[in-house]
>>> print(open('entry09.txt').read())   # compact mmCIF, C-alpha atoms
# COMPACT_ATOMS: atom_id res chain seq x y z
CA MET A 171 33.87 8.94 -16.02
CA LYS A 172 33.51 7.56 -19.53
CA ASP A 173 30.35 5.67 -20.43
CA THR A 174 30.43 2.19 -21.85
CA GLU A 175 28.78 1.87 -25.26
CA GLU A 176 25.75 0.33 -23.55
CA LEU A 177 25.31 3.34 -21.25
CA ALA A 178 25.92 5.76 -24.11
CA GLU A 179 23.18 4.05 -26.14
CA ILE A 180 20.81 4.25 -23.17
CA ARG A 181 21.46 7.99 -22.93
CA ARG A 182 20.72 8.49 -26.62
CA ALA A 183 17.51 6.48 -26.41
CA VAL A 184 16.23 8.31 -23.31
CA ARG A 185 17.08 11.71 -24.76
CA SER A 186 15.26 10.83 -27.97
CA LEU A 187 12.12 9.86 -26.05
CA CYS A 188 12.27 13.01 -23.91
CA GLU A 189 12.35 15.22 -27.00
CA GLU A 190 8.70 14.28 -27.48
CA PHE A 191 7.88 15.98 -24.13
CA PRO A 192 9.19 19.56 -24.35
CA GLY A 193 8.86 22.34 -21.79
CA GLU A 194 5.32 23.21 -22.88
CA TYR A 195 4.12 19.75 -21.84
CA TRP A 196 5.60 20.06 -18.36
CA ARG A 197 4.41 23.64 -17.87
CA GLU A 198 0.85 22.55 -18.62
CA LYS A 199 1.07 19.64 -16.17
CA ASP A 200 2.57 21.94 -13.57
CA ARG A 201 -0.20 24.54 -13.93
CA ASP A 202 -2.91 21.90 -13.64
CA ARG A 203 -1.08 19.82 -11.01
CA ALA A 204 -1.71 16.91 -13.35
CA TYR A 205 0.12 13.58 -13.45
CA PRO A 206 2.22 13.17 -16.63
CA GLY A 207 0.62 9.87 -17.55
CA GLU A 208 1.55 10.13 -21.23
CA PHE A 209 5.21 10.48 -20.30
CA VAL A 210 5.08 7.56 -17.87
CA ASP A 211 3.34 5.42 -20.49
CA ALA A 212 6.04 6.29 -23.02
CA LEU A 213 8.80 5.33 -20.56
CA THR A 214 6.98 2.08 -19.85
CA LYS A 215 6.46 1.25 -23.52
CA ALA A 216 10.13 1.89 -24.23
CA GLY A 217 11.07 -0.54 -21.45
CA PHE A 218 12.89 1.97 -19.26
CA LEU A 219 10.75 1.39 -16.17
CA ALA A 220 11.38 -2.36 -16.46
CA ALA A 221 15.13 -1.84 -16.61
CA LEU A 222 15.82 -3.66 -13.33
CA ILE A 223 13.34 -6.51 -13.86
CA PRO A 224 15.10 -9.73 -14.94
CA GLU A 225 14.66 -10.80 -18.55
CA GLU A 226 12.80 -13.96 -17.48
CA PHE A 227 9.95 -11.71 -16.29
CA GLY A 228 9.95 -9.48 -19.35
CA GLY A 229 12.39 -6.82 -18.18
CA SER A 230 15.83 -5.74 -19.32
CA GLY A 231 17.84 -7.08 -16.38
CA LEU A 232 20.05 -3.99 -16.26
CA SER A 233 22.26 -2.84 -13.39
CA LEU A 234 21.41 -0.04 -10.99
CA ASP A 235 24.19 1.96 -12.64
CA ALA A 236 22.31 1.71 -15.93
CA ALA A 237 19.06 2.67 -14.20
CA ALA A 238 20.84 5.70 -12.76
CA VAL A 239 21.80 6.78 -16.27
CA ILE A 240 18.14 6.54 -17.34
CA MET A 241 16.98 8.77 -14.50
CA GLU A 242 19.83 11.24 -14.98
CA GLU A 243 19.06 11.69 -18.68
CA ILE A 244 15.37 12.25 -18.01
CA GLN A 245 16.21 15.18 -15.77
CA ALA A 246 18.98 16.51 -18.01
CA ALA A 247 16.44 16.68 -20.83
CA GLY A 248 14.22 18.97 -18.76
CA CYS A 249 11.65 16.29 -17.91
CA ASN A 250 10.67 15.04 -14.45
CA GLY A 251 11.47 11.46 -13.52
CA ALA A 252 9.78 11.80 -10.12
CA ALA A 253 6.58 10.75 -11.84
CA ALA A 254 7.98 7.25 -12.21
CA HIS A 255 11.18 6.80 -10.22
CA ALA A 256 9.61 4.75 -7.42
CA GLN A 257 9.11 1.85 -9.79
CA MET A 258 12.90 1.70 -10.06
CA TYR A 259 13.92 1.79 -6.42
CA VAL A 260 10.98 -0.16 -4.98
CA MET A 261 11.75 -2.86 -7.51
CA ASN A 262 15.03 -3.73 -5.78
CA THR A 263 13.26 -4.69 -2.57
CA LEU A 264 10.84 -6.95 -4.42
CA LEU A 265 13.65 -8.54 -6.42
CA ARG A 266 15.83 -9.19 -3.40
CA TYR A 267 13.25 -10.28 -0.84
CA GLY A 268 10.02 -11.14 -2.65
CA SER A 269 8.94 -14.78 -2.97
CA ALA A 270 9.02 -16.66 -6.25
CA GLU A 271 5.22 -16.55 -6.26
CA GLN A 272 5.15 -12.78 -5.77
CA LYS A 273 7.66 -12.20 -8.53
CA ALA A 274 5.78 -14.46 -10.92
CA ALA A 275 2.47 -12.80 -10.04
CA TYR A 276 3.53 -9.18 -10.44
CA LEU A 277 6.80 -8.68 -12.34
CA PRO A 278 5.51 -9.65 -15.82
CA GLY A 279 2.57 -7.28 -15.46
CA ILE A 280 4.82 -4.46 -14.28
CA ALA A 281 7.25 -5.05 -17.14
CA ALA A 282 4.42 -5.07 -19.66
CA GLY A 283 2.95 -1.85 -18.31
CA GLU A 284 -0.23 -3.52 -17.09
CA LEU A 285 0.63 -2.70 -13.46
CA ARG A 286 2.30 0.28 -11.85
CA LEU A 287 4.38 -0.16 -8.70
CA GLN A 288 4.75 3.51 -7.81
CA ALA A 289 3.72 3.86 -4.16
CA PHE A 290 6.05 3.40 -1.18
CA GLY A 291 4.21 3.73 2.15
CA VAL A 292 6.75 4.40 4.91
CA SER A 293 6.66 7.95 6.38
CA GLU A 294 4.02 8.89 8.93
CA PRO A 295 2.92 12.26 10.34
CA THR A 296 4.15 11.48 13.86
CA SER A 297 7.45 9.79 12.98
CA GLY A 298 8.86 11.34 9.79
CA THR A 299 12.26 9.82 9.14
CA ASP A 300 12.19 8.05 12.53
CA THR A 301 10.95 4.93 10.77
CA LEU A 302 11.26 2.71 13.83
CA SER A 303 8.58 4.80 15.58
CA LEU A 304 5.89 4.30 12.95
CA ARG A 305 2.46 3.37 14.28
CA THR A 306 0.59 1.81 11.37
CA PHE A 307 -0.23 -1.71 12.58
CA ALA A 308 -0.98 -4.90 10.67
CA GLN A 309 -2.72 -7.49 12.85
CA ARG A 310 -2.78 -11.11 11.69
CA ASP A 311 -6.32 -12.46 11.46
CA GLY A 312 -6.48 -15.96 10.00
CA ASP A 313 -5.41 -15.82 6.36
CA ASP A 314 -5.41 -12.01 6.36
CA TYR A 315 -3.74 -9.02 7.94
CA VAL A 316 -5.93 -6.13 9.12
CA VAL A 317 -4.17 -2.80 8.73
CA ASN A 318 -4.91 0.42 10.60
CA GLY A 319 -2.94 3.64 10.51
CA GLN A 320 -1.81 6.46 8.27
CA LYS A 321 1.01 7.31 5.88
CA ILE A 322 2.09 10.69 4.56
CA TRP A 323 4.18 11.87 1.60
CA THR A 324 3.21 8.70 -0.26
CA SER A 325 3.70 10.07 -3.74
CA ARG A 326 1.87 8.69 -6.80
CA ALA A 327 -0.56 6.63 -4.69
CA GLU A 328 -3.42 7.83 -6.91
CA HIS A 329 -1.58 6.57 -9.98
CA SER A 330 -0.35 3.21 -8.74
CA ASP A 331 -1.77 -0.31 -8.74
CA LEU A 332 0.61 -1.65 -6.10
CA MET A 333 2.04 -0.25 -2.89
CA MET A 334 5.04 -1.36 -0.89
CA LEU A 335 3.84 -0.87 2.68
CA LEU A 336 5.84 -0.94 5.91
CA ALA A 337 3.77 -1.60 9.04
CA ARG A 338 4.33 -2.76 12.58
CA THR A 339 3.27 -6.35 13.29
CA THR A 340 4.67 -6.59 16.82
CA PRO A 341 4.33 -3.77 19.37
CA ARG A 342 7.56 -1.88 19.86
CA ASP A 343 7.68 -2.71 23.57
CA LYS A 344 7.47 -6.44 22.77
CA VAL A 345 10.59 -6.75 20.59
CA GLU A 346 14.16 -7.39 21.74
CA LYS A 347 15.74 -5.13 19.12
CA LYS A 348 14.14 -1.88 18.03
CA THR A 349 14.74 -2.79 14.37
CA GLU A 350 12.45 -5.81 14.72
CA GLY A 351 8.68 -6.01 14.61
CA LEU A 352 8.19 -4.16 11.33
CA SER A 353 6.92 -6.07 8.31
CA LEU A 354 6.80 -5.29 4.61
CA PHE A 355 3.79 -5.92 2.40
CA LEU A 356 3.07 -5.68 -1.31
CA VAL A 357 -0.48 -4.36 -1.39
CA ASN A 358 -2.74 -4.72 -4.41
CA MET A 359 -4.35 -1.29 -4.27
CA ARG A 360 -7.04 -2.20 -6.77
CA ASP A 361 -8.62 -4.38 -4.09
CA VAL A 362 -8.50 -1.92 -1.21
CA VAL A 363 -8.95 1.67 -2.44
CA GLY A 364 -12.36 2.64 -1.10
CA ASN A 365 -12.40 -0.61 0.83
CA GLY A 366 -10.18 0.17 3.80
CA MET A 367 -7.76 2.52 2.02
CA THR A 368 -8.44 6.23 1.52
CA ILE A 369 -6.11 8.49 -0.47
CA LYS A 370 -6.04 12.27 -0.06
CA PRO A 371 -3.85 14.50 -2.27
CA ILE A 372 -1.48 17.04 -0.71
CA ARG A 373 -0.82 20.21 -2.69
CA THR A 374 2.87 21.12 -2.54
CA MET A 375 5.32 23.66 -3.95
CA MET A 376 6.04 21.39 -6.91
CA ASN A 377 3.83 19.04 -8.92
CA HIS A 378 4.82 15.83 -7.14
CA SER A 379 1.49 13.94 -6.93
CA THR A 380 2.00 13.31 -3.24
CA THR A 381 -0.69 12.13 -0.84
CA GLU A 382 -1.58 10.98 2.61
CA VAL A 383 -3.07 7.51 2.90
CA PHE A 384 -5.42 6.24 5.60
CA PHE A 385 -5.95 2.57 6.53
CA ASP A 386 -9.16 1.69 8.33
CA ASP A 387 -9.50 -2.06 8.98
CA MET A 388 -7.96 -2.67 5.57
CA ARG A 389 -7.76 -6.39 4.87
CA ILE A 390 -4.92 -7.79 2.80
CA PRO A 391 -4.07 -11.47 2.29
CA ALA A 392 -1.22 -12.99 4.28
CA SER A 393 0.44 -13.74 0.92
CA ALA A 394 1.10 -9.99 0.62
CA LEU A 395 3.85 -10.31 3.24
CA ILE A 396 7.33 -9.93 1.76
CA GLY A 397 9.90 -12.19 3.38
CA GLU A 398 9.60 -12.91 7.09
CA GLU A 399 7.29 -11.16 9.48
CA GLY A 400 9.16 -8.66 11.64
CA LYS A 401 12.14 -8.30 9.27
CA GLY A 402 10.71 -5.53 7.10
CA PHE A 403 12.99 -2.74 8.29
CA ARG A 404 16.06 -4.65 7.16
CA TYR A 405 14.44 -5.26 3.78
CA ILE A 406 13.65 -1.62 3.08
CA LEU A 407 17.20 -0.48 3.84
CA SER A 408 18.28 -1.99 0.53
CA GLY A 409 15.45 -0.22 -1.25
CA MET A 410 16.29 3.04 0.49
CA ASN A 411 19.89 2.84 -0.70
CA ALA A 412 18.68 2.29 -4.26
CA GLU A 413 16.26 5.20 -3.84
CA ARG A 414 19.01 7.55 -2.69
CA ILE A 415 21.31 6.55 -5.55
CA LEU A 416 18.65 6.95 -8.23
CA ILE A 417 17.47 10.29 -6.86
CA ALA A 418 21.10 11.39 -6.69
CA ALA A 419 21.35 10.54 -10.38
CA GLU A 420 18.28 12.67 -11.04
CA CYS A 421 19.97 15.53 -9.20
CA ILE A 422 23.00 15.20 -11.46
CA GLY A 423 20.70 15.41 -14.46
CA ASP A 424 19.04 18.51 -13.04
CA ALA A 425 22.43 20.13 -12.41
CA LYS A 426 23.44 19.44 -16.01
CA TRP A 427 20.20 21.01 -17.24
CA PHE A 428 20.72 24.15 -15.13
CA ILE A 429 24.35 24.49 -16.18
CA GLU A 430 23.54 24.10 -19.88
CA LYS A 431 20.60 26.50 -19.60
CA ALA A 432 22.71 29.13 -17.82
CA THR A 433 25.64 28.73 -20.20
CA ASP A 434 23.48 29.15 -23.29
CA TYR A 435 21.74 32.17 -21.83
CA ALA A 436 25.04 33.79 -20.77
CA LYS A 437 26.33 33.42 -24.32
CA ASP A 438 23.24 34.91 -25.95
CA ARG A 439 22.14 37.60 -23.50
CA ASN A 440 23.74 40.97 -24.34
CA VAL A 441 23.87 43.83 -21.86
CA PHE A 442 25.98 46.94 -22.38
CA SER A 443 26.85 45.65 -25.87
CA ASN A 444 28.49 42.44 -24.58
CA PRO A 445 27.31 38.92 -23.74
CA ILE A 446 26.93 38.65 -19.98
CA GLY A 447 28.97 35.43 -20.06
CA LYS A 448 32.05 37.55 -20.75
CA ASN A 449 31.92 38.77 -17.16
CA GLN A 450 33.72 36.69 -14.56
CA GLY A 451 30.94 37.49 -12.10
CA VAL A 452 28.65 35.47 -14.37
CA GLN A 453 30.96 32.79 -15.70
CA PHE A 454 32.71 31.86 -12.45
CA PRO A 455 29.52 30.67 -10.67
CA ILE A 456 28.63 28.56 -13.72
CA ALA A 457 32.12 27.05 -13.82
CA ARG A 458 32.04 26.34 -10.07
CA CYS A 459 28.69 24.56 -10.40
CA TYR A 460 30.09 22.47 -13.24
CA ALA A 461 33.04 21.36 -11.10
CA GLN A 462 30.73 20.58 -8.18
CA MET A 463 28.40 18.57 -10.44
CA ARG A 464 31.24 16.53 -11.95
CA ALA A 465 32.60 15.58 -8.53
CA ALA A 466 29.14 14.51 -7.35
CA GLU A 467 28.57 12.60 -10.58
CA LEU A 468 31.59 10.41 -9.87
CA MET A 469 30.24 9.65 -6.40
CA VAL A 470 26.83 8.69 -7.79
CA HIS A 471 28.21 6.11 -10.20
CA ASP A 472 30.61 4.81 -7.55
CA ALA A 473 27.59 4.29 -5.28
CA ALA A 474 25.59 2.56 -8.01
CA GLN A 475 28.45 0.20 -8.74
CA ALA A 476 28.88 -0.55 -5.02
CA PHE A 477 25.18 -1.39 -4.83
CA ASP A 478 25.41 -3.65 -7.88
CA GLU A 479 28.27 -5.55 -6.25
CA GLY A 480 26.02 -6.46 -3.31
CA GLY A 481 26.51 -5.87 0.37
CA ASN A 482 25.78 -2.65 2.24
CA ALA A 483 26.19 0.43 0.06
CA GLY A 484 24.86 2.76 2.77
CA GLU A 485 27.96 4.94 2.96
CA GLU A 486 28.20 5.46 -0.77
CA ALA A 487 24.44 5.91 -1.26
CA ASN A 488 24.18 8.55 1.44
CA MET A 489 27.19 10.51 0.25
CA ALA A 490 25.97 10.38 -3.35
CA LYS A 491 22.53 11.68 -2.39
CA MET A 492 23.92 14.52 -0.27
CA LEU A 493 26.57 15.69 -2.73
CA ALA A 494 24.33 15.42 -5.78
CA SER A 495 21.39 17.24 -4.17
CA GLU A 496 23.69 20.04 -3.05
CA ALA A 497 25.23 20.28 -6.52
CA SER A 498 21.77 20.41 -8.07
CA TRP A 499 20.52 23.09 -5.71
CA ALA A 500 23.66 25.20 -6.21
CA ALA A 501 23.18 24.95 -9.98
CA ALA A 502 19.50 25.85 -9.66
CA ASP A 503 20.28 28.98 -7.66
CA MET A 504 23.02 29.92 -10.08
CA CYS A 505 20.73 29.45 -13.06
CA VAL A 506 18.10 31.78 -11.65
CA GLN A 507 20.77 34.36 -10.83
CA THR A 508 22.21 34.13 -14.35
CA HIS A 509 18.81 34.66 -15.93
CA GLY A 510 17.91 37.55 -13.65
CA GLY A 511 14.23 38.47 -13.97
CA PHE A 512 13.72 35.95 -16.76
CA GLY A 513 14.57 33.19 -14.31
CA PHE A 514 11.18 33.78 -12.71
CA ALA A 515 9.26 33.65 -15.99
CA GLU A 516 7.32 30.44 -16.51
CA GLU A 517 8.21 30.13 -20.20
CA TYR A 518 11.91 29.61 -19.46
CA ASP A 519 11.24 26.51 -17.31
CA VAL A 520 13.89 27.63 -14.83
CA GLU A 521 11.46 28.45 -12.03
CA ARG A 522 9.72 25.08 -12.42
CA LYS A 523 12.95 23.12 -12.29
CA PHE A 524 14.16 25.37 -9.45
CA ARG A 525 11.16 24.35 -7.32
CA GLU A 526 11.60 20.69 -8.20
CA ALA A 527 15.31 20.70 -7.35
CA ARG A 528 14.72 22.16 -3.89
CA LEU A 529 12.94 19.00 -2.75
CA TYR A 530 15.95 16.74 -2.81
CA THR A 531 18.02 18.44 -0.14
CA VAL A 532 15.13 17.43 2.17
CA ALA A 533 13.71 14.21 0.70
CA PRO A 534 13.82 11.28 0.81
CA ILE A 535 16.28 11.92 3.62
CA SER A 536 17.57 15.23 4.93
CA THR A 537 21.19 16.30 4.76
CA ASN A 538 21.42 16.37 8.56
CA LEU A 539 20.47 12.70 8.86
CA ILE A 540 23.01 11.78 6.22
CA LEU A 541 25.71 13.62 8.16
CA SER A 542 24.60 11.83 11.33
CA TYR A 543 24.84 8.48 9.54
CA LEU A 544 28.34 9.20 8.25
CA ALA A 545 29.50 10.48 11.64
CA GLU A 546 28.25 7.43 13.52
CA HIS A 547 28.53 4.51 11.09
CA VAL A 548 31.57 5.56 9.06
CA LEU A 549 33.64 7.74 11.38
CA GLY A 550 32.74 5.96 14.61
CA LEU A 551 31.54 9.04 16.47
CA PRO A 552 28.91 8.77 19.25
CA ARG A 553 25.29 8.60 18.14
CA SER A 554 23.85 12.11 18.14
CA TYR A 555 20.14 11.30 18.48
>>> encode(input="entry09.txt", output="structure tokens")
Amino acid sequence: MKDTEELAEIRRAVRSLCEEFPGEYWREKDRDRAYPGEFVDALTKAGFLAALIPEEFGGSGLSLDAAAVIMEEIQAAGCNGAAAHAQMYVMNTLLRYGSAEQKAAYLPGIAAGELRLQAFGVSEPTSGTDTLSLRTFAQRDGDDYVVNGQKIWTSRAEHSDLMMLLARTTPRDKVEKKTEGLSLFLVNMRDVVGNGMTIKPIRTMMNHSTTEVFFDDMRIPASALIGEEGKGFRYILSGMNAERILIAAECIGDAKWFIEKATDYAKDRNVFSNPIGKNQGVQFPIARCYAQMRAAELMVHDAAQAFDEGGNAGEEANMAKMLASEASWAAADMCVQTHGGFGFAEEYDVERKFREARLYTVAPISTNLILSYLAEHVLGLPRSY
């Protein structure tokens, strides 16, 4: 795939910004489990996190394909776009289904960096990826909704001003279709943290700033509702497809980083008076990972273009996420193997990126669920669960 001049310029600009945040910066954040706020601020100031916001609201009005290039280059430069990627994929749901009043109220502030839309409250401890079984309930009470429940794996909640929240508004046994009865809200967290919303960090294998969030009689205005009550599940499907495509792009960037890192090391590392890259046992795994990455890369941009054309890009988005995450993880494993003992040394950044890459074969959707989706919805096989 050959970039247009616009995409090539985006790559150059992102890479230039990322040069200001070398490995030492990320190692320090990783050791302290600290949020890379300086990096996120730099992305915001450069306009990259407003890429999908229309120009009329202060954004760049770019395509999802262009946004995918931004996220890919961040990862390929050795940085970590997970600190900010939600603002990209959540944005699509707001753009497609938010009211004119909601867009006018929030998009200019997000584009200007005055607001962060980084939190996406969907998963729950008892339901996981079975979204239709979530229990968090929003009860209408006059001009408000009162929310009770819990979310888990809500990353960046401590560093966000706004949260996209999915909650049940009609009991599951009272709806005709199981996809109904869920509603989507745009919550102004500045009004509710400590006032109905409690955020607790979860320490994980990688520095991902993830949390669990508790709602105890949290009051939000009825104007926080996005679209129609009870139609929220349909709305988030679009956002989930965007999420999978953008994370797939990040995986491609990671794979490129691992391949470049391994290639450079194999050229420079001498054992028994020869560079280890001379050995087919070293070079063949690198070459195989490169081929796997390139194939997945084509799928990612095909998915992004399908999304930009409108309609349901579920097939393409799911395949892109699966293939790219597998390519990234294969490259990560290969890179550690190529480096040998040095692959485990913090100063090489390989072990940090290795831990980060492992996440995406599980999140935001596991490989098994993607295979189930393809089997049922694309191949027409019986539903397996």
>>> atom_distance(input="entry09.txt", atom1="CA of Ile535 in chain A", atom2="CA of Leu304 in chain A")
15.9 Å
>>> residues_around(input="entry09.txt", residues="range 380-397 of chain A", least_positions_apart="2", cutoff="8 Å", atoms="only C-alpha atoms", output="PDB file with C-alpha atoms, in the frame of the given file")
ATOM      1  CA  LEU A 264      10.840  -6.950  -4.420  1.00  0.00           C
ATOM      2  CA  TYR A 267      13.250 -10.280  -0.840  1.00  0.00           C
ATOM      3  CA  GLY A 268      10.020 -11.140  -2.650  1.00  0.00           C
ATOM      4  CA  SER A 269       8.940 -14.780  -2.970  1.00  0.00           C
ATOM      5  CA  ARG A 310      -2.780 -11.110  11.690  1.00  0.00           C
ATOM      6  CA  ASP A 313      -5.410 -15.820   6.360  1.00  0.00           C
ATOM      7  CA  ASP A 314      -5.410 -12.010   6.360  1.00  0.00           C
ATOM      8  CA  TYR A 315      -3.740  -9.020   7.940  1.00  0.00           C
ATOM      9  CA  VAL A 316      -5.930  -6.130   9.120  1.00  0.00           C
ATOM     10  CA  VAL A 317      -4.170  -2.800   8.730  1.00  0.00           C
ATOM     11  CA  ASN A 318      -4.910   0.420  10.600  1.00  0.00           C
ATOM     12  CA  GLY A 319      -2.940   3.640  10.510  1.00  0.00           C
ATOM     13  CA  GLN A 320      -1.810   6.460   8.270  1.00  0.00           C
ATOM     14  CA  LYS A 321       1.010   7.310   5.880  1.00  0.00           C
ATOM     15  CA  ILE A 322       2.090  10.690   4.560  1.00  0.00           C
ATOM     16  CA  TRP A 323       4.180  11.870   1.600  1.00  0.00           C
ATOM     17  CA  THR A 324       3.210   8.700  -0.260  1.00  0.00           C
ATOM     18  CA  SER A 325       3.700  10.070  -3.740  1.00  0.00           C
ATOM     19  CA  ARG A 326       1.870   8.690  -6.800  1.00  0.00           C
ATOM     20  CA  ALA A 327      -0.560   6.630  -4.690  1.00  0.00           C
ATOM     21  CA  GLU A 328      -3.420   7.830  -6.910  1.00  0.00           C
ATOM     22  CA  SER A 353       6.920  -6.070   8.310  1.00  0.00           C
ATOM     23  CA  LEU A 354       6.800  -5.290   4.610  1.00  0.00           C
ATOM     24  CA  PHE A 355       3.790  -5.920   2.400  1.00  0.00           C
ATOM     25  CA  LEU A 356       3.070  -5.680  -1.310  1.00  0.00           C
ATOM     26  CA  VAL A 357      -0.480  -4.360  -1.390  1.00  0.00           C
ATOM     27  CA  VAL A 362      -8.500  -1.920  -1.210  1.00  0.00           C
ATOM     28  CA  ASN A 365     -12.400  -0.610   0.830  1.00  0.00           C
ATOM     29  CA  GLY A 366     -10.180   0.170   3.800  1.00  0.00           C
ATOM     30  CA  MET A 367      -7.760   2.520   2.020  1.00  0.00           C
ATOM     31  CA  THR A 368      -8.440   6.230   1.520  1.00  0.00           C
ATOM     32  CA  ILE A 369      -6.110   8.490  -0.470  1.00  0.00           C
ATOM     33  CA  LYS A 370      -6.040  12.270  -0.060  1.00  0.00           C
ATOM     34  CA  PRO A 371      -3.850  14.500  -2.270  1.00  0.00           C
ATOM     35  CA  ILE A 372      -1.480  17.040  -0.710  1.00  0.00           C
ATOM     36  CA  ARG A 373      -0.820  20.210  -2.690  1.00  0.00           C
ATOM     37  CA  THR A 374       2.870  21.120  -2.540  1.00  0.00           C
ATOM     38  CA  HIS A 378       4.820  15.830  -7.140  1.00  0.00           C
ATOM     39  CA  GLU A 399       7.290 -11.160   9.480  1.00  0.00           C
ATOM     40  CA  LYS A 401      12.140  -8.300   9.270  1.00  0.00           C
ATOM     41  CA  GLY A 402      10.710  -5.530   7.100  1.00  0.00           C
TER      42      GLY A 402
END
>>> residues_around(input="entry09.txt", residues="Thr174 in chain A", least_positions_apart="5", cutoff="12 Å", atoms="only C-alpha atoms", output="ChimeraX atom specification")
/A:179-181,235-236,239
>>> atom_distance(input="entry09.txt", atom1="CA of Leu234 in chain A", atom2="CA of Lys491 in chain A")
14.6 Å
>>> residues_near_point(input="entry09.txt", point="(24.1, 16.7, 7.4)", cutoff="12 Å", atoms="all atoms listed in the file", output="ChimeraX atom specification")
/A:488-489,491-493,495-496,531-532,535-546,554
>>> atom_distance(input="entry09.txt", atom1="CA of Ala466 in chain A", atom2="CA of Lys523 in chain A")
19.0 Å
>>> residues_around(input="entry09.txt", residues="Val520 in chain A", least_positions_apart="5", cutoff="12 Å", atoms="only C-alpha atoms", output="MDAnalysis selection string")
chainID A and resid 193 196:197 248:249 424:425 427:432 435 501:515 525:527
>>> closest_residue(input="entry09.txt", among="A:Val210, A:Ala483, A:Ala494, A:Ala308", to="His547 in chain A", atoms="only C-alpha atoms")
A:Ala483
>>> residues_around(input="entry09.txt", residues="Leu222 in chain A", least_positions_apart="4", cutoff="7 Å", atoms="all atoms listed in the file", output="list in words")
Gly229, Ser230, Gly231, Leu232, Ser233 and Met258 of chain A
>>> closest_residue(input="entry09.txt", among="A:Pro455, A:Gly291, A:Gly298, A:Pro278", to="Ile223 in chain A", atoms="all atoms listed in the file")
A:Pro278
>>> axis_aligned_box(input="entry09.txt", around="range 519-533 of chain A", padding_each_side="4 Å", output="AutoDock Vina command-line options")
--center_x 13.9 --center_y 21.3 --center_z -7.6 --size_x 16.3 --size_y 22.2 --size_z 27.5
>>> residues_near_point(input="entry09.txt", point="(7.6, 3.3, -24.9)", cutoff="12 Å", atoms="all atoms listed in the file", output="list in words")
Ala183, Val184, Ser186, Leu187, Cys188, Glu190, Glu208, Phe209, Val210, Asp211, Ala212, Leu213, Thr214, Lys215, Ala216, Gly217, Phe218, Leu219, Ala220, Ala281, Ala282 and Gly283 of chain A
>>> closest_residue(input="entry09.txt", among="A:Ile240, A:Lys448, A:Asp519, A:Asn411", to="Glu194 in chain A", atoms="all atoms listed in the file")
A:Asp519
>>> residues_around(input="entry09.txt", residues="Leu332 in chain A", least_positions_apart="4", cutoff="8 Å", atoms="all atoms listed in the file", output="list in words")
Leu285, Arg286, Leu287, Gln288, Ala289, Leu356, Val357, Asn358, Met359 and Arg360 of chain A
>>> decode(input="entry09.txt", residues="range 283-309 of chain A", atoms="C-alpha atoms", output="mmCIF file, in the first residue's frame")
data_model
loop_
_atom_site.group_PDB
_atom_site.id
_atom_site.type_symbol
_atom_site.label_atom_id
_atom_site.label_comp_id
_atom_site.auth_asym_id
_atom_site.auth_seq_id
_atom_site.Cartn_x
_atom_site.Cartn_y
_atom_site.Cartn_z
ATOM 1 C CA GLY A 283 -7.462 20.502 24.528
ATOM 2 C CA GLU A 284 -9.637 21.984 27.254
ATOM 3 C CA LEU A 285 -11.527 18.685 27.666
ATOM 4 C CA ARG A 286 -10.420 15.080 27.447
ATOM 5 C CA LEU A 287 -12.824 12.404 26.222
ATOM 6 C CA GLN A 288 -10.777 9.372 27.216
ATOM 7 C CA ALA A 289 -13.084 7.098 29.222
ATOM 8 C CA PHE A 290 -15.384 4.456 27.726
ATOM 9 C CA GLY A 291 -17.519 2.733 30.377
ATOM 10 C CA VAL A 292 -18.842 -0.551 28.965
ATOM 11 C CA SER A 293 -17.302 -3.719 30.496
ATOM 12 C CA GLU A 294 -18.492 -4.980 33.870
ATOM 13 C CA PRO A 295 -17.072 -7.601 36.258
ATOM 14 C CA THR A 296 -20.021 -9.969 35.807
ATOM 15 C CA SER A 297 -20.497 -9.632 32.046
ATOM 16 C CA GLY A 298 -17.121 -9.006 30.393
ATOM 17 C CA THR A 299 -17.631 -8.957 26.643
ATOM 18 C CA ASP A 300 -21.258 -10.118 27.060
ATOM 19 C CA THR A 301 -22.340 -6.499 26.797
ATOM 20 C CA LEU A 302 -26.040 -7.298 26.639
ATOM 21 C CA SER A 303 -25.848 -8.721 30.181
ATOM 22 C CA LEU A 304 -24.505 -5.571 31.822
ATOM 23 C CA ARG A 305 -26.230 -4.528 35.034
ATOM 24 C CA THR A 306 -25.424 -0.853 35.517
ATOM 25 C CA PHE A 307 -28.831 0.841 35.528
ATOM 26 C CA ALA A 308 -29.851 4.421 34.760
ATOM 27 C CA GLN A 309 -33.291 5.249 36.146
#
